[in-house]
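A.B. asks: My questions all concern the structure below.
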Amino acid sequence: MRRKIPATHTLLCFEAAARHESYTRAAQELALTQSAVSRQVAALEAYLGQALFTRTRHGVALTPRGREYAAQVAERLLALERDTLNAMSTQGTQGAVHLAAVPTFATRWLIPRLPQLAAQHPDIVVHIETRTRPFMFAETGFDAALYAGTPEQVANWAGTQATLLVHEEVLPVCAPALLTDSTPLSPQAVAQMPLLQQSTRPFGWSQWFDAMDVVAPHALSGPRYELFSMTATAAIHGLGVALVPRLLVETELARGDLVVACEQPLRAVRAYYLVTPLRDQEPAALVLFRQWLATAAQPFHG
């Protein structure tokens with residue numbers, strides 16, 4: 001049976017006209033004439049049996065149904081373009097891995113290690129987009145997710161399986177200038193320092209001080225930052241002491257931009273996992289990626 005799908009060039013004309021709410025500007029974008037865009041939209045309206053635009057004194061405006069349809073068409077055209085680019089970027093037979101990832105872990109831990117993957121498996125292409133919360137794999141194009149969470153959160157992610165990669169160990173770090181004679185601080189001394197807060201971990205400092213058996217009245221005080229990368233940058237510039245996972249500031253510690261303010265790490269409940277949907281057979285690229293990732297994470301097990 002023939003599919004009820006309008007021609008792609010018709011949808012492209014409609015999407016551009018809907019985005020601009022102007023046939024003229026859509027024509028300029030698509031290098032067509034205004035009348036050509038108008039004809040394509042008219043053909044689409046006839047195909048659907050309903051109006052998508054209304055005429056106004058200033059040109060055209062979307063009808064309520066036109067606005068709804070435009071959002072749907074734009075999403076699917078974008079997905080089609082992304083799929084096409086993915087197909088073009090795949091260099092060999094092993095294919096691509098479409099990965100959802102928490103941003104700082106991907107930027108600071110995974111991406112610096114991807115050259116190792118490329119050396120071992122040059123035919124695998126890894127595409128990364130940001131996701132911080134569980135989602136339904138069936139509703140996305142992702143093959144896997146790098147997720148930071150507790151064992152309970154991972155267990156409750158329906159229809160998935162998880163591979164533990166790295167336990168999260170947090171410790172206080174700061175700019176070298178905040179330490180007198182480069183001498184690390186005691187936990188009691190850290191409690192007197194300006195503290196940088198992580199908005200996604202509002203009780204991080206409280207948990208650390210509790211583990212150190214230190215009373216810290218100001219454990220919840222201080223500027224808050226959404227990403228660990230922001231918190232680390234604030235610490236580098238001397239704004240205070242940051243409580244961050246060691247593995248996310250490896251480069252800064254090695255360069256001397258940051259130093260350990262107190263060598264009293266705390267293993268957090270959270271860890272980093274590779275989460276994949278349950279399926280009968282996984283793509284070959286994903287199997288190889290998981291194997292490589294587990295090997296790369298092995299030195300961090302403890």
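Note on naming: chains are A, B, ... as they come in the structure tokens, residues start from 1 per chain, ligands start from 1 in the order shown.
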Extract, using only C-alpha atoms, all DNA, RNA and protein residues at most 12 Å from A:Leu185, discarding same-chain residues fewer than 6 positions from it, and format them as an MDAnalysis selection string.

C.D. replies: chainID A and resid 171:174 176 178:179 191:193 241 259:264

A.B. asks: Which residues, written as a list in words, have at least one atom at most 12 Å from A:Pro112, with only C-alpha atoms counted and residues fewer than 3 positions away on the same chain left out?

C.D. replies: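 Once the adjacent positions are removed, what remains is Thr104, Phe105, Ala106, Thr107, Arg108, Trp109, Pro115, Gln116, Leu117, Ala118, Leu247, Leu248, Glu250, Thr251 and Ala296 of chain A.
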
A.B. asks: Show me, as number ranges by chain, the residues that have an atom within 9 Å of stretch 148-163 of chain A when counting only C-alpha atoms, minus same-chain residues fewer than 2 positions from it.

C.D. replies: A: 101-102, 105, 132-137, 146, 165, 168, 269-279, 290, 294

A.B. asks: With C-alpha atoms retained, could you export that selection as an mmCIF file, in the first residue's frame?

C.D. replies:
```cif
data_model
loop_
_atom_site.group_PDB
_atom_site.id
_atom_site.type_symbol
_atom_site.label_atom_id
_atom_site.label_comp_id
_atom_site.auth_asym_id
_atom_site.auth_seq_id
_atom_site.Cartn_x
_atom_site.Cartn_y
_atom_site.Cartn_z
ATOM 1 C CA ALA A 101 25.624 11.384 28.320
ATOM 2 C CA VAL A 102 25.875 13.536 31.395
ATOM 3 C CA PHE A 105 31.686 13.221 32.564
ATOM 4 C CA THR A 132 21.030 13.818 32.514
ATOM 5 C CA ARG A 133 17.880 11.854 33.376
ATOM 6 C CA PRO A 134 16.452 8.453 32.434
ATOM 7 C CA PHE A 135 14.375 8.310 29.257
ATOM 8 C CA MET A 136 12.612 5.766 27.070
ATOM 9 C CA PHE A 137 15.102 4.424 24.547
ATOM 10 C CA LEU A 146 26.369 7.376 30.164
ATOM 11 C CA LEU A 165 32.012 2.023 35.075
ATOM 12 C CA GLU A 168 32.291 8.577 42.250
ATOM 13 C CA VAL A 269 26.588 6.706 46.615
ATOM 14 C CA ARG A 270 26.413 7.730 42.990
ATOM 15 C CA ALA A 271 28.453 6.095 40.247
ATOM 16 C CA TYR A 272 28.767 6.296 36.474
ATOM 17 C CA TYR A 273 27.113 3.591 34.379
ATOM 18 C CA LEU A 274 26.727 2.622 30.757
ATOM 19 C CA VAL A 275 23.000 1.983 30.346
ATOM 20 C CA THR A 276 21.631 0.159 27.311
ATOM 21 C CA PRO A 277 18.161 -1.039 26.356
ATOM 22 C CA LEU A 278 17.342 -4.703 26.721
ATOM 23 C CA ARG A 279 17.338 -6.289 23.276
ATOM 24 C CA ARG A 290 31.091 -1.368 25.878
ATOM 25 C CA ALA A 294 34.898 -1.210 30.594
#
```

A.B. asks: Calculate how many Å separate atom CA of A:Leu195 from atom CA of A:Gly240, rounding to one decimal.

C.D. replies: 5.3 Å

A.B. asks: One number please: atom CA of A:Tyr23 to atom CA of A:Arg3, in Å, one decimal.

C.D. replies: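 Calculated distance between atom CA of A:Tyr23 and atom CA of A:Arg3 is 27.6 Å.
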
A.B. asks: Go ahead and compute the interatomic distance for atom CA of A:Pro299 and atom CA of A:Arg246, in Å to one decimal.

C.D. replies: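 These atoms are spaced 13.3 Å apart.
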